[in-house]
$ cat input_24.cif   # mmCIF, C-alpha atoms and all ligand atoms
data_query
#
loop_
_atom_site.label_atom_id
_atom_site.label_comp_id
_atom_site.auth_asym_id
_atom_site.auth_seq_id
_atom_site.Cartn_x
_atom_site.Cartn_y
_atom_site.Cartn_z
CA MET W 1 71.08 92.06 93.84
CA HIS W 2 72.59 89.11 91.94
CA TRP W 3 71.16 89.00 88.43
CA GLU W 4 72.15 88.22 84.86
CA SER W 5 72.32 91.40 82.81
CA TYR W 6 73.26 92.35 79.25
CA TYR W 7 74.86 95.56 78.06
CA VAL W 8 72.81 97.87 75.84
CA LYS W 9 74.40 100.93 74.23
CA PRO W 10 72.60 104.04 75.52
CA GLU W 11 71.89 105.12 71.95
CA ASN W 12 69.98 101.85 71.37
CA VAL W 13 67.39 102.62 74.07
CA SER W 14 64.15 104.42 73.21
CA GLU W 15 61.10 105.27 75.33
CA SER W 16 59.54 101.82 75.08
CA GLU W 17 62.11 99.40 73.62
CA LEU W 18 65.79 98.66 73.25
CA LEU W 19 68.10 96.85 70.87
CA LEU W 20 70.87 94.47 71.88
CA VAL W 21 73.61 93.79 69.33
CA GLY W 22 77.07 92.23 69.08
CA GLU W 23 78.45 89.78 71.64
CA GLU W 24 75.41 90.21 73.88
CA VAL W 25 73.25 88.68 71.15
CA HIS W 26 75.60 85.73 70.75
CA HIS W 27 75.28 84.96 74.46
CA LEU W 28 71.51 85.35 74.44
CA VAL W 29 70.94 83.27 71.32
CA ARG W 30 73.66 80.63 71.43
CA VAL W 31 74.42 80.23 75.15
CA VAL W 32 71.31 80.88 77.21
CA ARG W 33 68.99 80.38 74.19
CA LYS W 34 66.46 83.05 75.14
CA GLN W 35 63.14 82.97 73.31
CA LYS W 36 60.51 85.54 72.34
CA GLY W 37 58.56 86.50 75.46
CA ASP W 38 61.42 85.77 77.87
CA LEU W 39 62.24 88.48 80.41
CA ILE W 40 65.84 89.74 80.63
CA TRP W 41 67.64 92.69 82.22
CA ALA W 42 69.77 95.15 80.23
CA VAL W 43 72.05 97.84 81.67
CA ASP W 44 73.21 100.90 79.74
CA GLY W 45 76.38 101.56 81.76
CA LEU W 46 75.07 104.97 82.79
CA GLY W 47 73.18 103.74 85.86
CA ALA W 48 69.97 102.54 84.20
CA ALA W 49 68.74 98.93 84.27
CA TYR W 50 65.83 97.85 82.05
CA GLN W 51 63.73 94.73 82.46
CA VAL W 52 62.57 93.83 78.97
CA SER W 53 60.39 91.23 77.33
CA VAL W 54 62.07 89.81 74.22
CA VAL W 55 59.93 90.71 71.20
CA SER W 56 62.20 89.61 68.38
CA ILE W 57 65.41 87.62 68.23
CA SER W 58 67.85 86.95 65.37
CA ASN W 59 71.52 86.03 65.13
CA SER W 60 72.48 89.69 65.02
CA GLU W 61 69.78 91.57 66.93
CA VAL W 62 67.52 91.16 69.95
CA TRP W 63 64.70 93.66 70.42
CA GLY W 64 63.10 94.04 73.86
CA ARG W 65 60.04 95.89 75.05
CA ILE W 66 60.83 97.81 78.25
CA ILE W 67 58.73 96.57 81.16
CA LYS W 68 60.37 98.52 83.95
CA THR W 69 63.37 100.74 84.56
CA ARG W 70 65.52 100.84 87.71
CA ARG W 71 68.18 103.44 88.43
CA ARG W 72 71.56 102.89 90.07
CA ILE W 73 71.15 99.19 90.80
CA GLY W 74 74.37 97.89 92.40
CA GLU W 75 75.90 101.36 92.52
CA PRO W 76 77.60 103.18 95.40
CA VAL W 77 76.30 106.68 96.11
CA ALA W 78 79.86 107.92 96.48
CA GLU W 79 82.03 108.42 93.41
CA VAL W 80 85.47 106.89 93.92
CA ILE W 81 88.10 107.69 91.29
CA LEU W 82 91.16 105.44 91.23
CA ALA W 83 94.28 106.94 89.67
CA GLN W 84 96.77 104.09 89.28
CA GLY W 85 100.28 104.01 87.90
CA ILE W 86 100.25 101.90 84.73
CA LEU W 87 101.46 98.35 85.35
CA LYS W 88 103.16 95.78 83.17
CA GLY W 89 101.52 92.72 81.66
CA ASP W 90 98.00 91.85 82.74
CA ARG W 91 98.34 93.30 86.23
CA PHE W 92 96.38 96.38 85.20
CA ASP W 93 93.65 94.15 83.70
CA PHE W 94 93.38 92.47 87.11
CA LEU W 95 93.17 95.83 88.84
CA VAL W 96 90.45 97.09 86.46
CA GLU W 97 88.37 93.96 87.05
CA LYS W 98 88.65 94.11 90.86
CA ALA W 99 88.18 97.88 91.15
CA THR W 100 85.04 97.58 88.98
CA GLU W 101 83.65 94.76 91.14
CA ILE W 102 84.33 96.78 94.30
CA GLY W 103 82.41 99.82 92.95
CA VAL W 104 84.95 102.32 91.60
CA ARG W 105 83.39 104.92 89.25
CA LYS W 106 86.42 105.93 87.18
CA ILE W 107 89.95 104.56 86.64
CA MET W 108 92.72 106.91 85.48
CA PRO W 109 95.90 105.13 84.32
CA PHE W 110 98.79 107.52 84.88
CA ILE W 111 102.43 107.93 83.91
CA SER W 112 104.82 109.21 86.57
CA LYS W 113 108.57 109.52 87.14
CA ASN W 114 109.09 105.85 88.02
CA SER W 115 106.68 104.43 85.44
CA VAL W 116 108.14 101.66 83.30
CA ALA W 117 104.95 100.68 81.51
CA THR W 118 102.85 102.69 79.06
CA ALA W 119 99.47 102.02 77.44
CA GLY W 120 98.55 102.21 73.77
CA SER W 121 95.05 102.13 72.33
CA GLN W 122 94.91 98.31 72.28
CA LYS W 123 95.48 98.12 76.05
CA ILE W 124 92.84 100.81 76.71
CA ILE W 125 90.32 98.92 74.55
CA ARG W 126 91.14 95.70 76.41
CA TRP W 127 90.77 97.36 79.83
CA ARG W 128 87.39 98.80 78.80
CA ARG W 129 86.23 95.30 77.79
CA VAL W 130 87.41 93.98 81.18
CA ALA W 131 85.42 96.72 82.93
CA LEU W 132 82.29 95.90 80.88
CA ALA W 133 82.44 92.22 81.77
CA ALA W 134 83.10 93.02 85.45
CA MET W 135 80.17 95.49 85.53
CA LYS W 136 77.77 92.81 84.31
CA GLN W 137 79.25 90.05 86.46
CA SER W 138 79.09 92.12 89.64
CA GLY W 139 75.50 93.29 89.08
CA ARG W 140 76.35 96.95 88.56
CA SER W 141 74.62 99.37 86.20
CA TRP W 142 77.40 101.95 85.82
CA LEU W 143 80.31 101.18 83.46
CA PRO W 144 83.44 102.66 85.08
CA GLU W 145 85.21 105.06 82.75
CA ILE W 146 88.76 104.02 81.88
CA THR W 147 90.42 107.24 80.79
CA GLU W 148 93.28 107.60 78.34
CA PRO W 149 96.63 107.62 80.18
CA VAL W 150 97.28 110.92 81.95
CA SER W 151 100.23 112.49 83.77
CA LEU W 152 100.41 112.39 87.56
CA ASP W 153 100.24 116.20 87.46
CA ARG W 154 96.84 115.91 85.78
CA VAL W 155 95.68 113.46 88.48
CA LEU W 156 96.69 115.87 91.23
CA VAL W 157 94.84 118.74 89.51
CA MET W 158 91.73 116.56 89.03
CA GLY W 159 91.88 115.74 92.74
CA SER W 160 91.05 119.35 93.55
CA ASN W 161 87.52 118.69 92.25
CA CYS W 162 87.04 115.94 94.86
CA HIS W 163 85.88 116.12 98.47
CA LYS W 164 88.72 113.83 99.64
CA ARG W 165 92.10 112.98 98.13
CA TYR W 166 94.32 110.10 99.26
CA ILE W 167 97.72 108.99 98.00
CA ALA W 168 98.90 105.55 99.04
CA HIS W 169 102.47 105.67 100.28
CA PRO W 170 104.38 103.28 102.54
CA VAL W 171 105.02 105.25 105.71
CA THR W 172 108.50 104.50 107.03
CA GLY W 173 109.69 105.24 110.53
CA SER W 174 106.66 106.37 112.50
CA SER W 175 103.66 104.06 112.61
CA PRO W 176 101.81 103.93 109.29
CA THR W 177 99.02 106.50 108.99
CA PRO W 178 95.96 104.50 109.91
CA PHE W 179 93.14 104.99 107.46
CA PRO W 180 91.01 107.71 109.05
CA PRO W 181 88.26 105.78 110.90
CA ASP W 182 85.71 108.57 110.62
CA ARG W 183 82.98 106.28 109.33
CA LYS W 184 80.22 108.27 107.66
CA SER W 185 76.89 107.27 109.20
CA SER W 186 74.93 107.83 106.03
CA ARG W 187 76.01 107.26 102.44
CA THR W 188 76.63 110.63 100.82
CA ALA W 189 77.43 111.56 97.24
CA GLN W 190 81.05 112.30 97.95
CA LYS W 191 83.72 112.35 95.29
CA VAL W 192 86.97 110.73 96.43
CA MET W 193 90.25 110.56 94.50
CA ILE W 194 92.73 107.79 95.28
CA ALA W 195 96.25 107.75 93.82
CA VAL W 196 98.40 104.59 93.88
CA GLY W 197 101.93 104.49 92.55
CA PRO W 198 103.42 102.28 89.82
CA ALA W 199 105.65 99.36 90.70
CA GLY W 200 108.53 101.77 91.22
CA GLY W 201 106.53 103.91 93.64
CA PHE W 202 106.26 107.70 93.86
CA SER W 203 109.28 110.00 94.03
CA ASP W 204 109.71 112.21 97.07
CA ASN W 205 108.91 115.24 94.91
CA GLU W 206 105.68 113.62 93.70
CA ILE W 207 104.59 112.98 97.28
CA GLU W 208 105.47 116.56 98.22
CA GLU W 209 103.48 117.86 95.25
CA ALA W 210 100.49 115.68 96.22
CA LEU W 211 100.58 116.97 99.79
CA ASP W 212 100.73 120.54 98.45
CA GLN W 213 97.62 119.76 96.40
CA GLY W 214 95.70 118.63 99.49
CA PHE W 215 96.22 114.88 99.20
CA LYS W 216 96.52 112.88 102.43
CA THR W 217 99.13 110.10 102.49
CA VAL W 218 97.68 106.77 103.59
CA GLY W 219 99.81 103.91 104.87
CA LEU W 220 98.44 100.43 104.19
CA GLY W 221 100.41 98.60 106.86
CA PRO W 222 104.11 97.80 107.30
CA ARG W 223 104.27 95.35 104.38
CA ARG W 224 105.04 96.47 100.84
CA LEU W 225 102.06 95.64 98.64
CA ARG W 226 102.12 95.22 94.90
CA SER W 227 100.66 98.27 93.22
CA GLU W 228 97.48 96.49 92.16
CA THR W 229 97.03 95.08 95.67
CA ALA W 230 97.38 98.55 97.16
CA GLY W 231 94.82 99.94 94.72
CA ILE W 232 92.29 97.25 95.64
CA VAL W 233 92.92 97.57 99.38
CA LEU W 234 92.62 101.37 99.39
CA CYS W 235 89.45 101.36 97.26
CA THR W 236 87.95 98.86 99.70
CA LEU W 237 88.92 100.93 102.75
CA VAL W 238 87.47 104.11 101.23
CA LEU W 239 84.22 102.48 100.12
CA SER W 240 83.88 100.78 103.48
CA GLN W 241 84.51 104.06 105.32
CA LEU W 242 81.77 105.64 103.17
CA GLY W 243 79.35 102.88 104.16
CA GLU W 244 79.20 101.48 100.61
CA LEU W 245 80.04 97.87 101.46
CA GLU W 246 77.01 97.12 103.59
N1 LIG E 1 109.67 100.88 96.15
C1 LIG E 1 108.35 101.45 96.10
C2 LIG E 1 108.13 102.34 97.33
O1 LIG E 1 108.72 102.08 98.35
O2 LIG E 1 107.29 103.23 97.23
C3 LIG E 1 107.29 100.35 96.13
C4 LIG E 1 106.11 100.75 95.38
S1 LIG E 1 104.75 99.68 95.64
C5 LIG E 1 105.23 98.24 94.82
C6 LIG E 1 103.57 100.42 94.52
C7 LIG E 1 102.62 101.41 95.15
O3 LIG E 1 101.72 100.69 95.99
C8 LIG E 1 103.22 102.46 96.03
O4 LIG E 1 103.63 103.59 95.27
C9 LIG E 1 102.06 102.82 96.94
O5 LIG E 1 101.19 103.72 96.28
C10 LIG E 1 101.37 101.48 97.12
N2 LIG E 1 101.79 100.76 98.32
C11 LIG E 1 102.42 99.58 98.38
N3 LIG E 1 102.58 99.18 99.66
C12 LIG E 1 102.04 100.16 100.44
C13 LIG E 1 101.91 100.37 101.85
N4 LIG E 1 102.34 99.46 102.75
N5 LIG E 1 101.33 101.50 102.29
C14 LIG E 1 100.88 102.42 101.41
N6 LIG E 1 100.97 102.29 100.06
C15 LIG E 1 101.54 101.16 99.59
#
$ encode --input "input_24.cif" --output "structure tokens" --more "lines below"
Ligand code: SAM
Amino acid sequence: MHWESYYVKPENVSESELLLVGEEVHHLVRVVRKQKGDLIWAVDGLGAAYQVSVVSISNSEVWGRIIKTRRRIGEPVAEVILAQGILKGDRFDFLVEKATEIGVRKIMPFISKNSVATAGSQKIIRWRRVALAAMKQSGRSWLPEITEPVSLDRVLVMGSNCHKRYIAHPVTGSSPTPFPPDRKSSRTAQKVMIAVGPAGGFSDNEIEEALDQGFKTVGLGPRRLRSETAGIVLCTLVLSQLGELE
């Protein structure tokens, strides 16, 4: 469903009306010049979408009366969590935007042995803004959580709460492990953890540890992909295998 939507903070939604504030108001008032009585859609980032009729509009606030509520518009049933080694520059911004468009539910930036980039609060705030814009642009209603940076150990432990766990790793020697083709016939609420290394890749010990924790290594072909490319490709393969790209 391709639609224009605006973000409403969950705490600004009541039984019958909602309040839009901040940058959303600027766009509504100055750019698309909405008027009283116009119908717009607002999403709360927790899977709810509200069609509202604008009842009052000012330079700082837009109040809307809720006409109808839809749940999970634009959302996969499966919950894909992407744990990605932190990347330099704006490469991680790019990854956040694409993973959000594709339908990832949570993104966990991690630090591992070969990490050369870290992330302070400013980067996290920026990534969360990228995810918000990508959620609206792609017609989703769930705002992917961008966690604070975690250790790879934490990622591997979190993976134990998932139905499936994959770690992307170039397979040398024997043919790359083809992505398991077992296409699920119906979309199920599976939780899948994907781990993709930083630019310097995973150490042998980290791969061993992941295998010990039940992760499956996945080769993505004989070419070496940039980390962000590998993250996007693997998310796409997993969501496609789960029937979420139809
Ligand atoms: N020198 C590193 C190595 O050989 O692992 C290269 C790391 S690569 C730039 C960054 C990450 O992307 C890797 O840790 C892996 O998770 C993923 N990746 C890149 N190419 C891949 C491939 N062909 N198959 C599987 N994973 C790949």
$ closest_residue --input "input_24.cif" --among "W:Ile167, W:Cys235, W:Leu152, W:Leu82" --to "ligand LIG 1 (chain E)" --atoms "all atoms listed in the file"
W:Ile167
$ closest_atom_pairs --input "input_24.cif" --of "chain W" --to "ligand LIG 1 (chain E)" --cutoff "7 Å" --atoms "only C-alpha atoms and all ligand atoms" --output "Markdown table"
| residue | atom | partner | partner_atom | distance |
| --- | --- | --- | --- | --- |
| W:Ile167 | CA | E:LIG1 | O5 | 6.5 |
| W:Ala168 | CA | E:LIG1 | N6 | 4.0 |
| W:His169 | CA | E:LIG1 | N6 | 3.7 |
| W:Pro170 | CA | E:LIG1 | N5 | 3.5 |
| W:Val171 | CA | E:LIG1 | N5 | 6.3 |
| W:Ala195 | CA | E:LIG1 | O5 | 6.8 |
| W:Val196 | CA | E:LIG1 | O5 | 3.8 |
| W:Gly197 | CA | E:LIG1 | O4 | 3.3 |
| W:Pro198 | CA | E:LIG1 | C6 | 5.1 |
| W:Ala199 | CA | E:LIG1 | C5 | 4.3 |
| W:Gly200 | CA | E:LIG1 | C1 | 4.9 |
| W:Gly201 | CA | E:LIG1 | O4 | 3.3 |
| W:Phe202 | CA | E:LIG1 | O4 | 5.1 |
| W:Val218 | CA | E:LIG1 | C14 | 5.8 |
| W:Gly219 | CA | E:LIG1 | N5 | 3.8 |
| W:Leu220 | CA | E:LIG1 | N5 | 3.6 |
| W:Gly221 | CA | E:LIG1 | N4 | 4.6 |
| W:Pro222 | CA | E:LIG1 | N4 | 5.2 |
| W:Arg223 | CA | E:LIG1 | N4 | 4.8 |
| W:Arg224 | CA | E:LIG1 | N3 | 3.8 |
| W:Leu225 | CA | E:LIG1 | N3 | 3.7 |
| W:Arg226 | CA | E:LIG1 | C5 | 4.3 |
| W:Ser227 | CA | E:LIG1 | O3 | 3.8 |
| W:Ala230 | CA | E:LIG1 | C10 | 5.0 |
$ atom_distance --input "input_24.cif" --atom1 "atom CA of W:Gly120" --atom2 "atom CA of W:Ile86"
11.1 Å
$ closest_residue --input "input_24.cif" --among "W:Glu206, W:Gly45, W:Lys216, W:Leu211" --to "W:Pro144" --atoms "all atoms listed in the file"
W:Gly45
$ atom_distance --input "input_24.cif" --atom1 "atom CA of W:Asp93" --atom2 "atom CA of W:Val32"
26.8 Å
$ closest_residue --input "input_24.cif" --among "W:Gly74, W:Gly243, W:Gly64, W:Gly139" --to "W:Leu20" --atoms "all atoms listed in the file"
W:Gly64
$ residues_around --input "input_24.cif" --residues "W:Glu246" --least-positions-apart "5" --cutoff "12 Å" --atoms "all atoms listed in the file" --output "VMD selection string"
chain W and resid 74 to 76 102 185 to 187 236 239 to 241
$ residues_around --input "input_24.cif" --residues "W:Ala49" --least-positions-apart "5" --cutoff "7 Å" --atoms "only C-alpha atoms" --output "list in words"
Trp41, Ala42, Val43, Asp44, Thr69, Arg70, Arg71, Ile73 and Ser141 of chain W
$ closest_residue --input "input_24.cif" --among "W:Glu61, W:Glu209, W:Asp90, W:Asp153" --to "W:Val21" --atoms "only C-alpha atoms"
W:Glu61
$ atom_distance --input "input_24.cif" --atom1 "atom CA of W:Ser16" --atom2 "atom CA of W:Leu132"
24.2 Å
$ closest_residue --input "input_24.cif" --among "W:Gly85, W:Leu156, W:Ser203, W:Glu79" --to "W:Ala189" --atoms "only C-alpha atoms"
W:Glu79
$ residues_around --input "input_24.cif" --residues "W:Ile57" --least-positions-apart "4" --cutoff "8 Å" --atoms "all atoms listed in the file" --output "short mmCIF file (atom, residue, chain, number, x, y, z; two decimals) with C-alpha atoms, in the coordinates of the input"
data_model
loop_
_atom_site.label_atom_id
_atom_site.label_comp_id
_atom_site.auth_asym_id
_atom_site.auth_seq_id
_atom_site.Cartn_x
_atom_site.Cartn_y
_atom_site.Cartn_z
CA VAL W 29 70.94 83.27 71.32
CA GLN W 35 63.14 82.97 73.31
CA LYS W 36 60.51 85.54 72.34
CA GLU W 61 69.78 91.57 66.93
CA VAL W 62 67.52 91.16 69.95
CA TRP W 63 64.70 93.66 70.42
#
$ residues_near_point --input "input_24.cif" --point "(103.9, 106.4, 84.0)" --cutoff "9 Å" --atoms "only C-alpha atoms" --output "VMD selection string"
chain W and resid 85 to 87 109 to 118 149 to 152 197 to 198
$ write_last_selection --input "input_24.cif" --atoms "C-alpha atoms" --output "compact mmCIF listing (two decimals), in the coordinates of the input"
# COMPACT_ATOMS: atom_id res chain seq x y z
CA GLY W 85 100.28 104.01 87.90
CA ILE W 86 100.25 101.90 84.73
CA LEU W 87 101.46 98.35 85.35
CA PRO W 109 95.90 105.13 84.32
CA PHE W 110 98.79 107.52 84.88
CA ILE W 111 102.43 107.93 83.91
CA SER W 112 104.82 109.21 86.57
CA LYS W 113 108.57 109.52 87.14
CA ASN W 114 109.09 105.85 88.02
CA SER W 115 106.68 104.43 85.44
CA VAL W 116 108.14 101.66 83.30
CA ALA W 117 104.95 100.68 81.51
CA THR W 118 102.85 102.69 79.06
CA PRO W 149 96.63 107.62 80.18
CA VAL W 150 97.28 110.92 81.95
CA SER W 151 100.23 112.49 83.77
CA LEU W 152 100.41 112.39 87.56
CA GLY W 197 101.93 104.49 92.55
CA PRO W 198 103.42 102.28 89.82
$ residues_around --input "input_24.cif" --residues "W:Arg165" --least-positions-apart "3" --cutoff "10 Å" --atoms "all atoms listed in the file" --output "list in words"
Val80, Ile81, Leu156, Met158, Gly159, Ser160, Asn161, Cys162, Lys191, Val192, Met193, Ile194, Ala195, Ala210, Leu211, Gln213, Gly214, Phe215, Lys216, Thr217 and Val218 of chain W
$ closest_residue --input "input_24.cif" --among "W:Gly103, W:Leu245, W:Ile67, W:Ser14" --to "W:Gly37" --atoms "only C-alpha atoms"
W:Ile67
$ decode --input "input_24.cif" --residues "stretch 218-243 of chain W" --atoms "N, CA and C atoms" --output "PDB file, in the first residue's frame"
ATOM      1  N   VAL W 218      26.174 -18.556   6.499  1.00  0.00           N
ATOM      2  CA  VAL W 218      25.547 -18.425   5.173  1.00  0.00           C
ATOM      3  C   VAL W 218      26.530 -17.737   4.237  1.00  0.00           C
ATOM      4  N   GLY W 219      26.858 -18.421   3.139  1.00  0.00           N
ATOM      5  CA  GLY W 219      27.684 -17.787   2.112  1.00  0.00           C
ATOM      6  C   GLY W 219      26.785 -16.982   1.181  1.00  0.00           C
ATOM      7  N   LEU W 220      27.285 -15.862   0.721  1.00  0.00           N
ATOM      8  CA  LEU W 220      26.468 -15.005  -0.178  1.00  0.00           C
ATOM      9  C   LEU W 220      27.138 -14.929  -1.540  1.00  0.00           C
ATOM     10  N   GLY W 221      27.701 -16.056  -1.976  1.00  0.00           N
ATOM     11  CA  GLY W 221      28.343 -16.075  -3.290  1.00  0.00           C
ATOM     12  C   GLY W 221      29.846 -15.918  -3.169  1.00  0.00           C
ATOM     13  N   PRO W 222      30.557 -16.137  -4.258  1.00  0.00           N
ATOM     14  CA  PRO W 222      32.034 -16.158  -4.224  1.00  0.00           C
ATOM     15  C   PRO W 222      32.654 -14.766  -4.215  1.00  0.00           C
ATOM     16  N   ARG W 223      31.870 -13.737  -4.322  1.00  0.00           N
ATOM     17  CA  ARG W 223      32.433 -12.368  -4.329  1.00  0.00           C
ATOM     18  C   ARG W 223      32.372 -11.776  -2.909  1.00  0.00           C
ATOM     19  N   ARG W 224      33.380 -10.948  -2.590  1.00  0.00           N
ATOM     20  CA  ARG W 224      33.361 -10.341  -1.256  1.00  0.00           C
ATOM     21  C   ARG W 224      32.517  -9.081  -1.303  1.00  0.00           C
ATOM     22  N   LEU W 225      31.460  -9.070  -0.513  1.00  0.00           N
ATOM     23  CA  LEU W 225      30.538  -7.926  -0.508  1.00  0.00           C
ATOM     24  C   LEU W 225      30.948  -6.947   0.589  1.00  0.00           C
ATOM     25  N   ARG W 226      30.660  -5.694   0.382  1.00  0.00           N
ATOM     26  CA  ARG W 226      30.816  -4.741   1.483  1.00  0.00           C
ATOM     27  C   ARG W 226      29.832  -5.161   2.587  1.00  0.00           C
ATOM     28  N   SER W 227      30.171  -4.820   3.808  1.00  0.00           N
ATOM     29  CA  SER W 227      29.366  -5.234   4.942  1.00  0.00           C
ATOM     30  C   SER W 227      27.906  -4.836   4.769  1.00  0.00           C
ATOM     31  N   GLU W 228      27.681  -3.572   4.376  1.00  0.00           N
ATOM     32  CA  GLU W 228      26.298  -3.101   4.235  1.00  0.00           C
ATOM     33  C   GLU W 228      25.578  -3.822   3.098  1.00  0.00           C
ATOM     34  N   THR W 229      26.309  -4.186   2.062  1.00  0.00           N
ATOM     35  CA  THR W 229      25.702  -4.939   0.956  1.00  0.00           C
ATOM     36  C   THR W 229      25.280  -6.320   1.465  1.00  0.00           C
ATOM     37  N   ALA W 230      26.164  -6.942   2.215  1.00  0.00           N
ATOM     38  CA  ALA W 230      25.861  -8.282   2.739  1.00  0.00           C
ATOM     39  C   ALA W 230      24.642  -8.245   3.657  1.00  0.00           C
ATOM     40  N   GLY W 231      24.553  -7.191   4.474  1.00  0.00           N
ATOM     41  CA  GLY W 231      23.394  -7.074   5.373  1.00  0.00           C
ATOM     42  C   GLY W 231      22.098  -6.981   4.579  1.00  0.00           C
ATOM     43  N   ILE W 232      22.121  -6.159   3.542  1.00  0.00           N
ATOM     44  CA  ILE W 232      20.908  -5.966   2.726  1.00  0.00           C
ATOM     45  C   ILE W 232      20.550  -7.254   1.976  1.00  0.00           C
ATOM     46  N   VAL W 233      21.568  -7.889   1.401  1.00  0.00           N
ATOM     47  CA  VAL W 233      21.317  -9.124   0.645  1.00  0.00           C
ATOM     48  C   VAL W 233      20.753 -10.211   1.560  1.00  0.00           C
ATOM     49  N   LEU W 234      21.341 -10.385   2.733  1.00  0.00           N
ATOM     50  CA  LEU W 234      20.894 -11.475   3.610  1.00  0.00           C
ATOM     51  C   LEU W 234      19.497 -11.200   4.165  1.00  0.00           C
ATOM     52  N   CYS W 235      19.219  -9.951   4.501  1.00  0.00           N
ATOM     53  CA  CYS W 235      17.852  -9.608   4.962  1.00  0.00           C
ATOM     54  C   CYS W 235      16.846  -9.935   3.866  1.00  0.00           C
ATOM     55  N   THR W 236      17.212  -9.610   2.627  1.00  0.00           N
ATOM     56  CA  THR W 236      16.301  -9.865   1.501  1.00  0.00           C
ATOM     57  C   THR W 236      16.073 -11.359   1.308  1.00  0.00           C
ATOM     58  N   LEU W 237      17.161 -12.126   1.376  1.00  0.00           N
ATOM     59  CA  LEU W 237      17.035 -13.587   1.218  1.00  0.00           C
ATOM     60  C   LEU W 237      16.140 -14.170   2.309  1.00  0.00           C
ATOM     61  N   VAL W 238      16.354 -13.747   3.540  1.00  0.00           N
ATOM     62  CA  VAL W 238      15.575 -14.290   4.663  1.00  0.00           C
ATOM     63  C   VAL W 238      14.100 -13.908   4.527  1.00  0.00           C
ATOM     64  N   LEU W 239      13.836 -12.636   4.240  1.00  0.00           N
ATOM     65  CA  LEU W 239      12.437 -12.203   4.118  1.00  0.00           C
ATOM     66  C   LEU W 239      11.763 -12.869   2.928  1.00  0.00           C
ATOM     67  N   SER W 240      12.540 -13.067   1.865  1.00  0.00           N
ATOM     68  CA  SER W 240      11.965 -13.751   0.694  1.00  0.00           C
ATOM     69  C   SER W 240      11.653 -15.209   1.041  1.00  0.00           C
ATOM     70  N   GLN W 241      12.610 -15.854   1.739  1.00  0.00           N
ATOM     71  CA  GLN W 241      12.389 -17.266   2.119  1.00  0.00           C
ATOM     72  C   GLN W 241      11.152 -17.392   3.010  1.00  0.00           C
ATOM     73  N   LEU W 242      10.883 -16.350   3.804  1.00  0.00           N
ATOM     74  CA  LEU W 242       9.733 -16.394   4.716  1.00  0.00           C
ATOM     75  C   LEU W 242       8.447 -15.940   4.029  1.00  0.00           C
ATOM     76  N   GLY W 243       8.556 -15.678   2.710  1.00  0.00           N
ATOM     77  CA  GLY W 243       7.341 -15.301   1.965  1.00  0.00           C
ATOM     78  C   GLY W 243       6.904 -13.868   2.217  1.00  0.00           C
TER      79      GLY W 243
END
